[in-house]
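Structure first, then comments.
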Amino acid sequence: MKAVTWHGRRDVRVDTVPDPRIEQPNDAIIRVTSSGICGSDLHLYEVLGPFMGEGDILGHEPMGVVEEVGPEVTHVKPGDRVVIPFNISCGHCFMCDQKLYSQCEITQVREQNKGAALFGYTKLYGEVPGGQAEYLRVPQAHFGPIKVPEGPPDERFVYLSDVLPTAWQAVEYAAIPGITGLFSSLDGAGGPGTVAVFGLGPIGQMCCRIARHKGAREVFGIDLVDERLEMAGRHGVHTVDLRQHDNIAQALRELTDGRGPDSVIDAVGMEAHGAPVGKLAHTLAGMLPDALAAKMIETAGIDRLSVLHAAIDTVRRGGTISLSGVYGGMVDPMPMMDLFDKQIQLRMGQANVKRWIDDVMPLVLDESDPLGVEDLATHTLPLDEAPHAYEIFQKKQDGAIKILLRP
């Protein structure tokens, strides 16, 4: 089969590799029909090479059609249309019983001291072959695959693999006052609260739309890429162009009675712009031998923390910050005095995909498309064009916000 494989920094290729096969009784094989390129895939493209192996198959946002199942897989069968969550979880261990599927104790990568294994994502998370390929072996398929109906296009469902659950969890963790949610205060003094979303990539776009759907009084979307700002504006978001403000926190305070938003979502992580020291450190890490680079990334505190610091400065006192952006390495220094003084709550973590499917699925099935899932992908390209797709996504060229690959 053909698959997108990693060969080095900014070097992904479409290779011919062996077809996957059933290896365990709870495996399934799917024929992939669509697979997204995620912002976190750019970490592999740029920074996390020391944790990759040459020829590793990339991708963790696939959907397709079941081709074959092992004897322990009964809830899906050949011919079923399914979406595959990016985290691999068993559904019945202690952590899964808490609905912390990203911490599954059966698939935890204990030798790396990490949580549940992920598709297509480095030695740190199990080095499981990913879904940017013609076929995919799905471990723990007795639990993982999400069955979806025939008919609507892949764009309606493929984001259930990552984008929608990640954004839903980010909004839940943001605890926006006065809206329904797991952590939100339902009484919301003064009515529904406000939220600022840093970063209007795919996750940030959906965070904004979900927050509006849930009833936030105002949603501010912050970015510096014209196409992203324009897309968010189409969905009723109050966009703020970072390039037009010397002090983004002060600008947002002026829009929120001088206090700052009740909640802030960081949907950027270490892909942040504008931190030259962090960028230089990442570049230098990419030039080191793998063993040294891995140690540097793990311990040297080289993350680009501009957005996290901006979030802490921006959120009102007593507010909540929700981190959905991926950070690699030691987050140091953290402004602990400010976090303590402002009495800020901080929530974060890999999305527990299947925890949120029951909430998201009715919206995805709604013909009115309330979350605008069919207005997210800017490019749909053949699998063979994956190297070009990665390049334009990384360089933010040709208006690329979300790219889907079709085998």
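Labeling convention for the structure tokens: chains A, B, ... as they appear, residues from 1 per chain, ligands from 1 in order of appearance.
By only C-alpha atoms, and with residues fewer than 6 positions from A:Leu383 along its chain excluded, the set lying at most 7 Å from it is A:Leu405, A:Arg406, A:Pro407.
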Problem set entry | Shell of 12 Å around A:Leu100, only C-alpha atoms, local chain residues under 6 positions omitted, as a ChimeraX atom specification | /A:87-94,108,115-116,169,349-356
Please save C-alpha atoms of the selected residues as a CSV table (one decimal), in the first residue's frame.
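Here's the written file out.csv:
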chain,number,residue,atom,x,y,z
A,87,ASN,CA,-5.8,7.8,21.0
A,88,ILE,CA,-5.8,4.0,21.4
A,89,SER,CA,-7.8,2.9,24.4
A,90,CYS,CA,-9.3,-0.3,25.7
A,91,GLY,CA,-12.5,1.1,27.2
A,92,HIS,CA,-12.4,-1.0,30.4
A,93,CYS,CA,-9.3,-0.3,32.5
A,94,PHE,CA,-9.3,2.0,35.6
A,108,GLN,CA,0.1,3.4,28.2
A,115,GLY,CA,-0.2,8.1,28.5
A,116,ALA,CA,-2.2,6.1,26.0
A,169,GLN,CA,-12.8,19.3,25.7
A,349,GLY,CA,-4.5,17.3,28.6
A,350,GLN,CA,-4.8,15.1,25.5
A,351,ALA,CA,-8.4,14.9,24.4
A,352,ASN,CA,-10.3,11.9,25.8
A,353,VAL,CA,-12.0,11.4,22.4
A,354,LYS,CA,-14.8,9.0,23.1
A,355,ARG,CA,-15.8,10.9,26.2
A,356,TRP,CA,-17.3,13.6,24.0
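For stretch 29-40 of chain A, the non-local neighbours within 7 Å, defined as residues at least 3 positions apart in the same chain or in other chains and counting only C-alpha atoms, are Arg21, Ile22, His43, Gly59, Glu61, Pro62, Met63, Gly64, Val65, Val66, Glu67, Glu68, Val69, Gly131, Gln132, Ala133, Glu134, Tyr135, Leu136, Arg137, Val138, Asp154, Ile403, Leu404, Leu405, Arg406 and Pro407 of chain A.
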Please produce an output containing N, CA and C atoms for each residue in the selection, written as a CSV table (one decimal), in the first residue's frame.
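Written out: part38.csv:
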chain,number,residue,atom,x,y,z
A,21,ARG,N,-2.0,-6.1,8.7
A,21,ARG,CA,-2.7,-7.4,8.8
A,21,ARG,C,-3.2,-7.5,10.3
A,22,ILE,N,-4.2,-8.3,10.5
A,22,ILE,CA,-4.6,-8.6,11.9
A,22,ILE,C,-3.5,-9.3,12.6
A,43,HIS,N,4.8,19.2,14.4
A,43,HIS,CA,5.8,19.0,15.4
A,43,HIS,C,6.8,17.9,14.9
A,59,GLY,N,0.1,10.3,10.7
A,59,GLY,CA,-1.3,10.5,10.6
A,59,GLY,C,-2.1,9.9,11.8
A,61,GLU,N,-5.7,11.2,12.2
A,61,GLU,CA,-7.1,11.6,12.0
A,61,GLU,C,-7.8,10.9,10.9
A,62,PRO,N,-7.8,9.6,10.9
A,62,PRO,CA,-8.4,8.8,9.8
A,62,PRO,C,-9.9,8.4,10.0
A,63,MET,N,-10.5,8.2,8.8
A,63,MET,CA,-11.8,7.5,8.8
A,63,MET,C,-11.8,6.6,7.5
A,64,GLY,N,-12.7,5.6,7.5
A,64,GLY,CA,-12.7,4.8,6.3
A,64,GLY,C,-13.8,3.7,6.5
A,65,VAL,N,-13.5,2.6,5.8
A,65,VAL,CA,-14.4,1.4,5.8
A,65,VAL,C,-13.7,0.2,6.3
A,66,VAL,N,-14.4,-0.5,7.2
A,66,VAL,CA,-13.9,-1.7,7.8
A,66,VAL,C,-13.7,-2.8,6.7
A,67,GLU,N,-12.5,-3.3,6.7
A,67,GLU,CA,-12.2,-4.4,5.7
A,67,GLU,C,-12.2,-5.8,6.4
A,68,GLU,N,-11.7,-5.8,7.6
A,68,GLU,CA,-11.5,-7.1,8.3
A,68,GLU,C,-11.5,-6.9,9.8
A,69,VAL,N,-12.0,-7.8,10.6
A,69,VAL,CA,-11.9,-7.7,12.1
A,69,VAL,C,-11.4,-9.0,12.7
A,131,GLY,N,-2.4,6.8,10.1
A,131,GLY,CA,-3.6,6.7,9.2
A,131,GLY,C,-3.5,7.5,7.9
A,132,GLN,N,-2.3,8.1,7.6
A,132,GLN,CA,-2.2,8.8,6.3
A,132,GLN,C,-1.6,7.7,5.3
A,133,ALA,N,-2.5,6.8,5.0
A,133,ALA,CA,-2.2,5.6,4.3
A,133,ALA,C,-3.4,5.0,3.6
A,134,GLU,N,-3.2,4.0,2.8
A,134,GLU,CA,-4.4,3.4,2.1
A,134,GLU,C,-5.1,2.5,3.1
A,135,TYR,N,-4.4,1.9,4.0
A,135,TYR,CA,-5.0,1.0,5.0
A,135,TYR,C,-4.4,1.2,6.3
A,136,LEU,N,-5.2,0.9,7.4
A,136,LEU,CA,-4.7,1.1,8.7
A,136,LEU,C,-5.1,-0.1,9.6
A,137,ARG,N,-4.2,-0.6,10.4
A,137,ARG,CA,-4.5,-1.6,11.4
A,137,ARG,C,-4.9,-0.8,12.7
A,138,VAL,N,-6.0,-1.2,13.2
A,138,VAL,CA,-6.6,-0.5,14.4
A,138,VAL,C,-6.5,-1.4,15.6
A,154,ASP,N,-17.3,12.7,3.9
A,154,ASP,CA,-16.3,12.5,5.0
A,154,ASP,C,-16.1,13.7,5.8
A,403,ILE,N,-6.1,20.5,6.0
A,403,ILE,CA,-5.9,19.8,4.8
A,403,ILE,C,-6.3,18.3,5.0
A,404,LEU,N,-7.1,17.8,4.1
A,404,LEU,CA,-7.5,16.4,4.2
A,404,LEU,C,-6.8,15.6,3.0
A,405,LEU,N,-6.3,14.5,3.3
A,405,LEU,CA,-5.7,13.6,2.3
A,405,LEU,C,-6.7,12.5,1.9
A,406,ARG,N,-6.7,12.2,0.6
A,406,ARG,CA,-7.6,11.1,0.2
A,406,ARG,C,-6.8,10.1,-0.5
A,407,PRO,N,-6.7,8.9,0.0
A,407,PRO,CA,-5.9,7.8,-0.6
A,407,PRO,C,-6.5,7.5,-2.0
Exercise. Taking into account only C-alpha atoms, which residue in the set A:Gln140, A:Gly215, A:Leu42, A:Asp11 is nearest to A:Glu23?
Worked result: A:Gln140
Exercise. Suppose you want the space between atom CA of A:Ser263 and atom CA of A:Cys208; what is it in Å?
Worked result: 12.0 Å
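Take the candidates A:Pro20, A:Pro71, A:Pro382, A:Gly318 and check each one against A:His142 using only C-alpha atoms; the shortest distance goes to A:Pro71.
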